[in-house]
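What follows is the content of structure_3.cif (mmCIF, C-alpha atoms).
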```
data_model
loop_
_atom_site.label_atom_id
_atom_site.label_comp_id
_atom_site.auth_asym_id
_atom_site.auth_seq_id
_atom_site.Cartn_x
_atom_site.Cartn_y
_atom_site.Cartn_z
CA MET A 337 26.84 -20.14 -1.97
CA SER A 338 28.49 -18.58 1.06
CA THR A 339 26.56 -16.14 3.19
CA ARG A 340 27.83 -12.86 4.60
CA SER A 341 26.90 -11.04 7.79
CA VAL A 342 24.72 -8.20 6.49
CA PRO A 343 22.06 -6.47 8.62
CA GLY A 344 18.53 -7.28 7.53
CA TYR A 345 15.97 -10.07 7.30
CA LEU A 346 14.79 -11.91 4.19
CA PRO A 347 11.18 -13.21 4.08
CA GLN A 348 12.02 -16.62 5.50
CA ASP A 349 14.13 -15.26 8.38
CA VAL A 350 12.74 -15.43 11.93
CA PRO A 351 14.04 -12.76 14.37
CA SER A 352 14.28 -13.38 18.11
CA PRO A 353 10.99 -13.13 20.06
CA GLY A 354 11.70 -9.63 21.36
CA ALA A 355 12.65 -8.37 17.90
CA LEU A 356 9.63 -10.13 16.39
CA VAL A 357 7.19 -8.23 18.61
CA SER A 358 8.87 -4.81 18.37
CA LEU A 359 9.30 -5.02 14.60
CA GLY A 360 5.71 -6.24 14.26
CA PHE A 361 4.42 -3.35 16.35
CA GLN A 362 6.34 -0.94 14.11
CA HIS A 363 4.42 -2.32 11.11
CA VAL A 364 1.13 -1.82 12.96
CA LEU A 365 2.11 1.74 13.83
CA THR A 366 2.86 2.35 10.15
CA MET A 367 -0.46 1.03 8.82
CA PHE A 368 -2.67 2.22 11.69
CA PRO A 369 -3.35 5.88 10.78
CA ALA A 370 -4.42 5.23 7.18
CA THR A 371 -6.42 2.09 7.96
CA VAL A 372 -8.31 3.77 10.80
CA LEU A 373 -8.87 6.92 8.72
CA VAL A 374 -10.48 4.90 5.91
CA ALA A 375 -12.78 3.24 8.44
CA ILE A 376 -13.77 6.62 9.87
CA LEU A 377 -14.41 8.17 6.43
CA THR A 378 -16.49 5.24 5.19
CA GLY A 379 -18.43 4.70 8.42
CA PHE A 380 -17.12 1.18 8.99
CA ASP A 381 -16.35 -0.17 12.46
CA ILE A 382 -12.72 0.53 13.40
CA GLY A 383 -12.36 -2.65 15.45
CA VAL A 384 -13.63 -4.84 12.60
CA THR A 385 -11.40 -3.04 10.09
CA LEU A 386 -8.30 -3.62 12.23
CA PHE A 387 -9.20 -7.26 12.86
CA ALA A 388 -9.89 -7.93 9.16
CA SER A 389 -6.67 -6.15 8.18
CA GLY A 390 -4.61 -8.40 10.44
CA LEU A 391 -6.45 -11.56 9.37
CA ALA A 392 -6.12 -10.74 5.66
CA THR A 393 -2.39 -10.18 6.12
CA ILE A 394 -1.88 -13.49 7.92
CA VAL A 395 -3.96 -15.44 5.40
CA ALA A 396 -2.02 -13.87 2.50
CA LEU A 397 1.33 -14.67 4.09
CA LEU A 398 0.35 -18.28 4.76
CA GLY A 399 -1.19 -18.57 1.30
CA SER A 400 2.07 -17.47 -0.30
CA GLY A 401 4.08 -19.96 1.74
CA MET A 402 5.58 -17.00 3.65
CA ARG A 403 7.25 -15.84 0.43
CA ILE A 404 5.47 -12.51 -0.21
CA PRO A 405 6.17 -9.98 2.59
CA LEU A 406 3.28 -7.51 2.26
CA TYR A 407 0.89 -5.97 4.78
CA TYR A 408 -2.79 -5.50 3.93
CA GLY A 409 -4.59 -2.35 5.07
CA SER A 410 -7.62 -0.33 3.97
CA SER A 411 -7.43 1.20 0.50
CA PHE A 412 -8.09 4.88 -0.23
CA SER A 413 -9.07 4.02 -3.82
CA TYR A 414 -12.49 2.74 -2.75
CA ILE A 415 -13.46 5.60 -0.41
CA ALA A 416 -15.63 7.63 -2.79
CA ALA A 417 -17.52 4.60 -4.14
CA VAL A 418 -18.05 3.05 -0.70
CA VAL A 419 -19.20 6.34 0.85
CA GLY A 420 -21.64 6.77 -2.04
CA VAL A 421 -23.14 3.32 -1.48
CA VAL A 422 -23.27 3.69 2.32
CA GLY A 423 -25.08 7.02 2.02
CA ALA A 424 -27.54 6.01 -0.71
CA GLU A 425 -31.22 5.40 0.07
CA TRP A 426 -30.89 1.85 -1.24
CA GLY A 427 -27.51 1.33 0.40
CA GLY A 428 -25.83 1.10 3.78
CA THR A 429 -22.73 -0.54 5.22
CA GLN A 430 -23.92 -4.11 4.70
CA VAL A 431 -24.91 -3.35 1.10
CA ALA A 432 -21.44 -1.86 0.50
CA GLN A 433 -19.96 -5.09 1.84
CA VAL A 434 -21.52 -6.89 -1.15
CA GLY A 435 -19.53 -4.64 -3.49
CA ILE A 436 -16.35 -5.28 -1.50
CA VAL A 437 -16.84 -9.04 -1.78
CA ALA A 438 -17.30 -8.56 -5.54
CA THR A 439 -13.89 -6.86 -5.74
CA ALA A 440 -12.48 -10.12 -4.41
CA ALA A 441 -13.85 -11.95 -7.43
CA VAL A 442 -12.27 -9.42 -9.81
CA SER A 443 -8.82 -9.77 -8.21
CA VAL A 444 -9.02 -13.58 -8.04
CA ILE A 445 -10.06 -13.85 -11.69
CA ALA A 446 -7.23 -11.49 -12.69
CA GLY A 447 -4.76 -13.57 -10.70
CA LEU A 448 -5.95 -16.82 -12.26
CA LEU A 449 -5.70 -15.32 -15.76
CA ILE A 450 -2.16 -14.17 -15.08
CA ARG A 451 -1.20 -17.63 -13.82
CA LEU A 452 -2.70 -19.02 -17.04
CA VAL A 453 -1.02 -16.68 -19.53
CA GLY A 454 2.22 -16.15 -17.57
CA LYS A 455 4.16 -13.20 -16.16
CA ASP A 456 5.64 -12.26 -19.54
CA ALA A 457 2.17 -11.56 -20.91
CA LEU A 458 1.38 -9.45 -17.84
CA ASP A 459 4.58 -7.47 -18.30
CA ARG A 460 3.41 -6.55 -21.79
CA VAL A 461 0.14 -5.21 -20.40
CA LEU A 462 1.71 -3.75 -17.27
CA PRO A 463 5.28 -2.82 -18.26
CA PRO A 464 7.68 -1.18 -15.78
CA ILE A 465 6.83 2.31 -17.04
CA VAL A 466 3.21 1.73 -15.93
CA THR A 467 3.90 0.05 -12.58
CA GLY A 468 6.81 2.36 -11.76
CA SER A 469 4.87 5.51 -12.65
CA VAL A 470 1.84 4.32 -10.65
CA ALA A 471 4.14 3.81 -7.65
CA VAL A 472 5.52 7.34 -8.04
CA VAL A 473 1.97 8.70 -8.23
CA ILE A 474 0.87 6.79 -5.12
CA GLY A 475 3.67 8.35 -3.07
CA ILE A 476 3.58 11.89 -4.46
CA ALA A 477 -0.23 12.11 -4.61
CA LEU A 478 -0.25 11.50 -0.86
CA ALA A 479 2.17 14.37 -0.27
CA LYS A 480 -0.56 16.88 0.56
CA ALA A 481 -2.16 14.44 2.98
CA ALA A 482 1.17 14.15 4.79
CA LEU A 483 1.58 17.93 4.94
CA ASP A 484 -2.01 18.39 6.11
CA MET A 485 -1.30 16.06 9.03
CA ALA A 486 1.98 17.82 9.76
CA SER A 487 0.47 21.31 9.63
CA GLY A 488 -1.27 20.89 12.99
CA ASP A 489 2.08 21.52 14.67
CA TRP A 490 5.06 21.98 12.37
CA LEU A 491 7.58 21.86 15.21
CA VAL A 492 6.42 18.43 16.40
CA SER A 493 6.24 17.15 12.82
CA LEU A 494 9.73 18.35 11.93
CA ILE A 495 11.23 16.91 15.11
CA THR A 496 9.55 13.57 14.34
CA LEU A 497 10.69 13.66 10.71
CA VAL A 498 14.31 14.57 11.48
CA ALA A 499 14.54 12.04 14.31
CA THR A 500 13.18 9.26 12.09
CA ILE A 501 15.60 10.10 9.27
CA LEU A 502 18.58 10.25 11.64
CA PHE A 503 17.61 6.95 13.25
CA SER A 504 17.20 5.28 9.85
CA ILE A 505 20.66 6.42 8.71
CA TYR A 506 22.89 6.42 11.78
CA LEU A 507 21.45 3.36 13.52
CA ARG A 508 21.56 1.13 10.45
CA GLY A 509 23.59 -1.97 11.12
CA LEU A 510 23.28 -1.63 14.90
CA GLY A 511 21.12 -4.71 15.43
CA LEU A 512 17.47 -4.38 16.37
CA LEU A 513 17.69 -0.63 17.05
CA GLY A 514 18.71 -0.07 13.45
CA MET A 515 15.47 -1.67 12.29
CA LEU A 516 13.14 0.46 14.42
CA PRO A 517 13.61 4.01 13.06
CA VAL A 518 9.89 4.66 12.52
CA LEU A 519 8.95 3.38 15.97
CA LEU A 520 11.77 5.37 17.59
CA GLY A 521 10.86 8.50 15.61
CA ALA A 522 7.24 8.13 16.70
CA VAL A 523 8.35 7.78 20.33
CA VAL A 524 10.41 10.97 20.07
CA GLY A 525 7.48 12.87 18.54
CA TYR A 526 5.10 11.44 21.14
CA LEU A 527 7.33 12.46 24.06
CA VAL A 528 7.73 15.97 22.63
CA SER A 529 3.95 16.24 22.23
CA LEU A 530 3.45 14.90 25.75
CA GLY A 531 5.81 17.55 27.14
CA MET A 532 3.89 20.24 25.25
CA GLY A 533 0.56 19.00 26.65
CA LYS A 534 -0.74 17.93 23.25
CA VAL A 535 -1.68 14.33 24.15
CA ASP A 536 -5.27 13.71 25.24
CA PHE A 537 -5.87 10.49 27.21
CA THR A 538 -9.64 10.99 27.56
CA ALA A 539 -10.42 8.30 24.98
CA VAL A 540 -8.15 5.83 26.81
CA HIS A 541 -9.97 6.39 30.12
CA GLU A 542 -13.36 5.99 28.47
CA ALA A 543 -12.48 2.92 26.40
CA ALA A 544 -13.34 -0.56 27.65
CA TRP A 545 -10.51 -2.99 28.23
CA LEU A 546 -12.19 -5.59 26.08
CA ARG A 547 -14.82 -5.11 23.40
CA TRP A 548 -16.47 -7.18 20.70
CA PRO A 549 -16.06 -5.63 17.24
CA ALA A 550 -19.31 -5.00 15.38
CA PHE A 551 -18.94 -7.77 12.81
CA SER A 552 -21.65 -7.79 10.13
CA LEU A 553 -22.56 -9.97 7.14
CA PRO A 554 -23.06 -8.58 3.62
CA ALA A 555 -26.67 -7.94 2.61
CA PHE A 556 -26.60 -10.17 -0.48
CA GLY A 557 -30.40 -10.18 -0.66
CA SER A 558 -30.77 -6.39 -0.66
CA PRO A 559 -32.37 -4.77 -3.75
CA GLY A 560 -29.34 -2.46 -3.90
CA ALA A 561 -26.77 -5.28 -3.88
CA TRP A 562 -26.17 -5.23 -7.64
CA LYS A 563 -25.88 -1.44 -7.62
CA ALA A 564 -23.15 -1.78 -4.98
CA VAL A 565 -21.34 -4.35 -7.11
CA LEU A 566 -21.43 -2.06 -10.16
CA ALA A 567 -20.28 0.94 -8.09
CA ILE A 568 -17.43 -0.68 -6.14
CA ALA A 569 -16.15 -3.79 -7.96
CA PRO A 570 -14.76 -2.05 -11.11
CA ILE A 571 -12.28 -0.13 -8.96
CA ALA A 572 -10.47 -3.41 -8.35
CA VAL A 573 -9.36 -3.36 -11.99
CA ALA A 574 -7.56 -0.08 -11.34
CA THR A 575 -5.91 -1.26 -8.11
CA ILE A 576 -4.26 -4.23 -9.85
CA PRO A 577 -1.40 -2.03 -11.18
CA GLU A 578 -0.96 -0.67 -7.63
CA SER A 579 -0.63 -4.15 -6.17
CA THR A 580 1.66 -5.21 -9.02
CA ALA A 581 3.87 -2.18 -8.45
CA HIS A 582 4.13 -2.96 -4.74
CA LEU A 583 5.13 -6.57 -5.42
CA TYR A 584 7.72 -5.59 -8.04
CA GLN A 585 9.17 -2.96 -5.69
CA ILE A 586 9.52 -5.31 -2.75
CA SER A 587 10.95 -8.04 -5.01
CA LEU A 588 13.62 -5.63 -6.20
CA TYR A 589 14.68 -4.71 -2.67
CA VAL A 590 14.52 -8.29 -1.35
CA ASP A 591 16.77 -9.56 -4.14
CA ARG A 592 19.23 -6.73 -3.57
CA LEU A 593 19.50 -7.68 0.12
CA ALA A 594 19.85 -11.37 -0.79
CA GLU A 595 22.70 -10.49 -3.14
CA GLU A 596 24.48 -8.54 -0.40
CA MET A 597 24.02 -11.47 1.97
CA GLY A 598 25.42 -13.90 -0.59
CA ARG A 599 22.14 -15.80 -0.70
CA PRO A 600 20.12 -16.78 -3.81
CA PRO A 601 17.52 -14.28 -5.08
CA LEU A 602 13.88 -15.05 -4.31
CA LYS A 603 12.41 -13.36 -7.43
CA ILE A 604 9.01 -13.00 -5.79
CA SER A 605 7.88 -10.78 -8.67
CA ARG A 606 7.13 -14.07 -10.47
CA LEU A 607 4.31 -14.64 -7.96
CA ILE A 608 2.16 -11.76 -9.22
CA GLY A 609 -0.73 -14.08 -10.16
CA LEU A 610 -0.74 -15.62 -6.69
CA ASN A 611 -0.40 -12.16 -5.16
CA LEU A 612 -3.57 -10.93 -6.89
CA ILE A 613 -5.47 -14.04 -5.84
CA LEU A 614 -4.41 -13.34 -2.24
CA ASP A 615 -5.47 -9.70 -2.70
CA GLY A 616 -8.91 -11.01 -3.62
CA ILE A 617 -9.05 -13.34 -0.63
CA GLY A 618 -8.15 -10.37 1.57
CA ASP A 619 -11.04 -8.35 0.15
CA ALA A 620 -13.36 -11.31 0.68
CA ILE A 621 -12.34 -11.40 4.34
CA ASN A 622 -13.01 -7.68 4.68
CA GLY A 623 -16.33 -7.84 2.87
CA LEU A 624 -17.61 -10.85 4.79
CA LEU A 625 -16.66 -9.48 8.23
CA GLY A 626 -17.55 -5.81 7.75
CA GLY A 627 -14.13 -4.26 7.09
CA CYS A 628 -13.10 -1.79 4.40
CA ALA A 629 -11.81 -2.88 1.00
CA GLY A 630 -8.06 -3.31 1.22
CA THR A 631 -4.76 -3.43 -0.58
CA ASN A 632 -1.17 -4.19 0.25
CA TYR A 633 0.37 -1.08 1.76
CA GLY A 634 3.08 1.04 0.17
CA GLU A 635 3.75 2.61 3.58
CA ASN A 636 4.80 -0.76 4.97
CA ASN A 637 6.85 -1.41 1.84
CA SER A 638 8.66 1.84 2.55
CA LEU A 639 9.24 0.77 6.13
CA MET A 640 10.75 -2.50 4.93
CA ALA A 641 12.99 -0.73 2.41
CA ILE A 642 14.23 1.68 5.09
CA THR A 643 14.86 -1.01 7.71
CA ARG A 644 15.84 -3.88 5.35
CA ASN A 645 13.44 -6.08 7.31
CA TYR A 646 11.38 -8.26 4.95
CA SER A 647 10.66 -11.01 7.48
CA ALA A 648 7.30 -12.70 6.84
CA PRO A 649 7.06 -13.91 10.49
CA VAL A 650 7.33 -10.27 11.60
CA LEU A 651 4.36 -9.42 9.37
CA VAL A 652 2.41 -12.34 10.85
CA CYS A 653 3.13 -10.88 14.29
CA ALA A 654 1.89 -7.50 13.04
CA GLY A 655 -1.30 -9.18 11.84
CA VAL A 656 -1.84 -10.78 15.25
CA ILE A 657 -1.34 -7.41 16.97
CA ALA A 658 -3.83 -5.75 14.59
CA MET A 659 -6.40 -8.45 15.29
CA ALA A 660 -5.88 -8.01 19.03
CA LEU A 661 -6.40 -4.26 18.68
CA GLY A 662 -9.88 -5.00 17.40
CA PHE A 663 -10.72 -6.52 20.79
CA VAL A 664 -8.56 -4.52 23.23
CA GLY A 665 -10.29 -1.16 23.44
CA LYS A 666 -7.74 0.63 25.63
CA LEU A 667 -4.78 -0.44 23.50
CA ALA A 668 -6.43 0.77 20.31
CA ALA A 669 -7.41 4.02 22.06
CA LEU A 670 -3.82 4.46 23.31
CA ILE A 671 -2.42 4.21 19.79
CA GLN A 672 -5.06 6.71 18.67
CA THR A 673 -3.62 9.24 21.14
CA LEU A 674 -0.61 9.53 18.82
CA PRO A 675 -0.92 13.19 17.77
CA THR A 676 -1.67 13.81 14.10
CA PRO A 677 1.45 16.00 13.61
CA VAL A 678 3.61 13.04 14.71
CA THR A 679 1.90 10.88 12.11
CA GLY A 680 2.45 13.67 9.60
CA GLY A 681 6.18 13.72 10.27
CA LEU A 682 6.37 9.98 9.68
CA ALA A 683 4.16 10.22 6.56
CA ILE A 684 6.40 12.82 4.89
CA TYR A 685 9.23 10.29 4.95
CA LEU A 686 7.24 7.14 4.20
CA PHE A 687 5.15 8.59 1.36
CA GLY A 688 8.28 10.06 -0.23
CA VAL A 689 9.99 6.68 -0.12
CA ILE A 690 6.98 5.10 -1.88
CA GLY A 691 7.47 7.54 -4.76
CA LEU A 692 11.21 6.94 -4.97
CA GLN A 693 10.68 3.18 -4.96
CA GLY A 694 8.77 3.72 -8.21
CA VAL A 695 11.77 5.59 -9.61
CA ALA A 696 14.02 2.73 -8.48
CA LEU A 697 11.76 0.24 -10.29
CA ILE A 698 11.94 2.24 -13.53
CA GLN A 699 15.74 2.48 -13.21
CA SER A 700 16.27 -1.18 -12.37
CA GLU A 701 14.24 -2.29 -15.40
CA LYS A 702 16.29 0.06 -17.61
CA VAL A 703 13.25 1.81 -19.06
CA ASP A 704 14.28 3.91 -22.06
CA LEU A 705 13.01 7.38 -21.22
CA PHE A 706 14.23 8.62 -24.61
CA ASP A 707 11.54 6.45 -26.23
CA PRO A 708 8.50 8.70 -26.93
CA ARG A 709 6.10 5.84 -26.14
CA GLN A 710 7.58 5.36 -22.67
CA LEU A 711 7.62 9.10 -22.09
CA ALA A 712 3.97 9.41 -23.14
CA ILE A 713 2.79 6.64 -20.81
CA GLY A 714 4.77 7.85 -17.80
CA ALA A 715 3.91 11.52 -18.36
CA VAL A 716 0.17 10.94 -18.66
CA ILE A 717 0.04 8.66 -15.61
CA MET A 718 1.93 11.14 -13.44
CA VAL A 719 -0.03 14.25 -14.47
CA ILE A 720 -3.45 12.59 -14.13
CA GLY A 721 -2.53 10.88 -10.86
CA ILE A 722 -0.72 13.74 -9.15
CA GLY A 723 -2.83 16.53 -10.65
CA GLY A 724 -6.06 14.68 -9.95
CA ALA A 725 -5.08 14.29 -6.29
CA ALA A 726 -5.39 18.08 -5.96
CA PHE A 727 -9.16 17.90 -6.49
CA PRO A 728 -11.41 17.48 -3.42
CA GLY A 729 -11.25 13.91 -2.21
CA GLY A 730 -8.68 13.07 -4.87
CA ASN A 731 -11.48 12.61 -7.42
CA ILE A 732 -11.39 14.14 -10.91
CA PRO A 733 -14.75 15.66 -11.92
CA VAL A 734 -15.72 14.46 -15.40
CA GLY A 735 -19.31 15.43 -16.15
CA ASN A 736 -21.45 13.87 -13.43
CA LEU A 737 -18.72 11.37 -12.54
CA GLN A 738 -16.05 11.58 -9.85
CA LEU A 739 -13.09 9.50 -11.02
CA PRO A 740 -10.49 8.47 -8.40
CA SER A 741 -7.24 10.05 -9.58
CA ILE A 742 -4.77 7.20 -8.95
CA ALA A 743 -7.06 4.53 -10.35
CA THR A 744 -7.87 6.68 -13.40
CA ALA A 745 -4.19 7.37 -14.04
CA ALA A 746 -3.43 3.64 -13.94
CA VAL A 747 -6.27 2.76 -16.31
CA VAL A 748 -5.32 5.49 -18.80
CA GLY A 749 -1.69 4.32 -18.73
CA ILE A 750 -2.76 0.71 -19.37
CA LEU A 751 -4.99 1.78 -22.28
CA LEU A 752 -2.26 3.97 -23.79
CA ASN A 753 0.21 1.09 -23.58
CA ALA A 754 -2.41 -1.21 -25.18
CA ILE A 755 -2.67 1.16 -28.16
CA PHE A 756 1.10 0.90 -28.70
CA LEU A 757 0.87 -2.91 -28.47
CA ILE A 758 -2.02 -3.14 -30.96
CA PHE A 759 -0.52 -0.58 -33.35
CA PRO A 760 3.25 -1.03 -33.05
CA VAL A 761 5.58 1.54 -34.53
CA ARG A 762 7.14 0.31 -37.73
CA ARG A 763 10.18 2.28 -38.80
CA ALA A 764 11.94 1.84 -42.09
CA ALA A 765 15.55 0.76 -41.81
CA ARG A 766 17.90 3.69 -41.95
CA LYS A 767 19.92 3.97 -45.14
CA PRO A 768 23.66 4.25 -44.63
CA ALA A 769 24.99 7.74 -44.99
CA PRO A 770 26.64 8.38 -48.40
CA ALA A 771 30.40 8.19 -48.41
CA ALA A 772 32.19 11.51 -48.36
CA ALA A 773 33.54 12.67 -51.70
CA PRO A 774 37.30 12.17 -52.04
#
```

Translate this structure into structure tokens?
Amino acid sequence: MSTRSVPGYLPQDVPSPGALVSLGFQHVLTMFPATVLVAILTGFDIGVTLFASGLATIVALLGSGMRIPLYYGSSFSYIAAVVGVVGAEWGGTQVAQVGIVATAAVSVIAGLLIRLVGKDALDRVLPPIVTGSVAVVIGIALAKAALDMASGDWLVSLITLVATILFSIYLRGLGLLGMLPVLLGAVVGYLVSLGMGKVDFTAVHEAAWLRWPAFSLPAFGSPGAWKAVLAIAPIAVATIPESTAHLYQISLYVDRLAEEMGRPPLKISRLIGLNLILDGIGDAINGLLGGCAGTNYGENNSLMAITRNYSAPVLVCAGVIAMALGFVGKLAALIQTLPTPVTGGLAIYLFGVIGLQGVALIQSEKVDLFDPRQLAIGAVIMVIGIGGAAFPGGNIPVGNLQLPSIATAAVVGILLNAIFLIFPVRRAARKPAPAAAP
């Protein structure tokens, strides 16, 4: 098959060294705010979380044979459960790590089962209406978080947003520059903030050049270990649709680029079992080192869709940079000087693209939205997920429980689909209409 000159990188493509580093740094910039925020909210060490994030990403890429281009960062789905364990009398960070390691077992077992029964069986349990709707919810449920970040200075946020959009559209096809819209938009927002005196370098001056992250081992022998497992591990069941949606999304976009390039499709969606196993290995890395429970990041998927850069070597470079940030105090502190409104401007775009990727997945799989079963599943997932995100912490109060909205929406959608599978609709054949009287 002949190839055509089309801007973009497929997973196996290796950019030049300069492009490799700049594109890798753009991925780090994209994952950094959310990953650091999760560490701050859960009380985990930021350096360890960054290091574990980078290591989990590299291990997953190597484990997939450089076929699955996903970045692994800290997951918001686990925040409430982890915070509860960390703050409990019987708990603490190291006890929470036991629960995070347990999530690894759940994901690995799920992945092995899927490899055993096959992708077709998974698609019956997690059809496109579930994975696509979950993807929409992930993006739209984060909308308020993006606006909250932007509200600190709307002018800076809007300048960042508009600059990023313009770069992504008008620089496309112009070599490396066309693949760096998020990085360039962040630079514009940073320079505007710097000119307005809104950048504080105090943390950079105070940070050490080199530091040793506070790695810690899980407290497997703690009396509260099993409580942590029961509190944290079940959430992994709800994040499986999220991970599946991310893989299906990126597979769709990768194959579209391959088609434009005149190259054979990769069909990486077939690797969903392997992907979940690698998810579990990533959580094991986090739990054993002292990092937060993770997931593959929709924000980085959005970045890849915008830039058409799906290069696995670039993601490996991003992982190396993230690991280095765990040790280089001043570099991590410098990135943290990026004003929140700049991050908000970027998030408005990236989170919106996550949602629209879910719509693209539903469209590409030709989901029949005139079918009442499909409508019911999609409608319930979206209302629970998006509506639940409006509650404090994104948790839906049900009696004494606080149910994470996105995870709950996914589980309800899966159960609703299961009902339709167990009790299929049987319709009598329609009788032909009587012939008109002569």

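Coordinates place CA of Asp459 (chain A) at a distance of 29.3 Å from CA of Cys628 (chain A).
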
Contact residues around Ala482 (chain A) with all atoms listed in the file at 8 Å, ignoring same-chain residues under 3 positions, as a list in words | Leu478, Ala479, Met485, Ala486, Gly680, Gly681, Ala683, Ile684 and Phe687 of chain A

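Excluding Thr439 (chain A) itself and same-chain residues fewer than 2 positions from it, the residues having an atom within 10 Å of it are A:Gln433, A:Val434, A:Gly435, A:Ile436, A:Val437, A:Ala441, A:Val442, A:Ser443, A:Val444, A:Ile445, A:Val565, A:Leu566, A:Ile568, A:Ala569, A:Pro570, A:Ile571, A:Ala572, A:Val573, A:Asp615, A:Gly616, A:Ile617, A:Gly618, A:Asp619, A:Ala620, A:Gly623, A:Ala629, A:Gly630, counting all atoms listed in the file.
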
CA of Ile613 (chain A) to CA of Gly379 (chain A), distance in Å rounded to a single decimal | 26.9 Å

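Of the listed residues A:Gln348, A:Thr429, A:Ser529, A:Ser469, the one whose atoms come nearest to Val716 (chain A) is A:Ser469, with distances taken using all atoms listed in the file.
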
List every residue of region 638-716 of chain A that has an atom at most 12 Å from any atom of region 530-554 of chain A, giving for each one its closest atom pair and the distance in Å to one decimal, counting only C-alpha atoms, sorted by chain and then by ascending residue number, as CSV.
```
residue,atom,partner,partner_atom,distance
A:Met659,CA,A:Pro549,CA,10.3
A:Ala660,CA,A:Leu546,CA,9.8
A:Leu661,CA,A:Leu546,CA,9.5
A:Gly662,CA,A:Pro549,CA,6.2
A:Phe663,CA,A:Arg547,CA,5.1
A:Val664,CA,A:Leu546,CA,4.7
A:Gly665,CA,A:Trp545,CA,5.1
A:Lys666,CA,A:Trp545,CA,5.2
A:Leu667,CA,A:Val540,CA,7.9
A:Ala668,CA,A:Val540,CA,8.4
A:Ala669,CA,A:Val540,CA,5.1
A:Leu670,CA,A:Val540,CA,5.7
A:Ile671,CA,A:Val540,CA,9.2
A:Gln672,CA,A:Ala539,CA,8.4
A:Thr673,CA,A:Val535,CA,6.2
A:Leu674,CA,A:Val535,CA,7.3
A:Pro675,CA,A:Val535,CA,6.5
A:Thr676,CA,A:Val535,CA,10.1
A:Pro677,CA,A:Lys534,CA,10.1
A:Val678,CA,A:Lys534,CA,10.8
```

Would you translate the PyMOL selection byres ((chain A and resi 696) around 10) into the concrete set of residues it matches in this file, as JSON, numbers by chain?
-> {"A": [468, 471, 472, 585, 588, 589, 690, 691, 692, 693, 694, 695, 697, 698, 699, 700, 701, 702]}

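From CA of Ala499 (chain A) back to CA of Pro351 (chain A), the distance works out to 24.8 Å.
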
What's the 6 Å shell around region 640-649 of chain A, counting all atoms listed in the file, without same-chain residues fewer than 5 positions away, as number ranges by chain?
-> A: 344-347, 349, 402, 405, 515

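You can rank A:Gly688, A:Ser411, A:Leu607, A:Val461 by their closest distance to Ile501 (chain A) using all atoms listed in the file, and at the top of that list sits A:Gly688.
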
Got a sec to resolve the PyMOL selection byres ((chain A and resi 604) around 12) on this structure and send the residues as a PyMOL selection string?
-> chain A and resi 346-347+400-406+455+580+582-591+600-603+605-611+646

Might you pull out every residue within 9 Å of region 755-760 of chain A, with all atoms listed in the file counted and same-chain residues fewer than 4 positions away left off, and present them as a ChimeraX atom specification?
-> /A:460-461,709,750-751

Serialized selection, C-alpha atoms, as a compact mmCIF listing (two decimals), keeping the file's coordinate frame:
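Result went into result.txt, see below:
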```
# COMPACT_ATOMS: atom_id res chain seq x y z
CA ARG A 460 3.41 -6.55 -21.79
CA VAL A 461 0.14 -5.21 -20.40
CA ARG A 709 6.10 5.84 -26.14
CA ILE A 750 -2.76 0.71 -19.37
CA LEU A 751 -4.99 1.78 -22.28
```

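Distances here use all atoms listed in the file; by that measure, the residue among A:Thr679, A:Lys563, A:Ile465, A:Leu651 closest to Leu705 (chain A) is A:Ile465.
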
Proximity of region 385-471 of chain A to region 355-370 of chain A: per-residue shortest pair, 9 Å limit, all atoms listed in the file, as a Markdown table:
```
| residue | atom | partner | partner_atom | distance |
| --- | --- | --- | --- | --- |
| A:Leu386 | CA | A:Phe368 | CA | 8.1 |
| A:Tyr407 | CA | A:His363 | CA | 8.1 |
| A:Tyr408 | CA | A:Met367 | CA | 8.5 |
| A:Gly409 | CA | A:Met367 | CA | 6.5 |
| A:Ser410 | CA | A:Ala370 | CA | 7.2 |
| A:Ser411 | CA | A:Ala370 | CA | 8.4 |
| A:Phe412 | CA | A:Ala370 | CA | 8.3 |
```

Extract region 757-763 of chain A from the structure I just pasted (atoms: N, CA and C atoms) and return it as a short mmCIF file (atom, residue, chain, number, x, y, z; two decimals), in the first residue's frame.
```cif
data_model
loop_
_atom_site.label_atom_id
_atom_site.label_comp_id
_atom_site.auth_asym_id
_atom_site.auth_seq_id
_atom_site.Cartn_x
_atom_site.Cartn_y
_atom_site.Cartn_z
N LEU A 757 -29.84 -7.36 27.84
CA LEU A 757 -29.22 -8.58 27.32
C LEU A 757 -29.91 -9.83 27.88
N ILE A 758 -30.24 -9.77 29.18
CA ILE A 758 -30.85 -10.93 29.85
C ILE A 758 -32.31 -11.09 29.42
N PHE A 759 -33.00 -9.96 29.26
CA PHE A 759 -34.41 -9.98 28.85
C PHE A 759 -34.56 -9.26 27.53
N PRO A 760 -34.17 -9.90 26.43
CA PRO A 760 -34.23 -9.22 25.13
C PRO A 760 -35.66 -8.93 24.71
N VAL A 761 -35.80 -7.90 23.91
CA VAL A 761 -37.12 -7.52 23.41
C VAL A 761 -37.49 -8.45 22.27
N ARG A 762 -38.63 -9.07 22.41
CA ARG A 762 -39.13 -9.95 21.34
C ARG A 762 -40.38 -9.32 20.75
N ARG A 763 -40.27 -8.93 19.49
CA ARG A 763 -41.40 -8.30 18.82
C ARG A 763 -41.99 -9.26 17.80
#
```
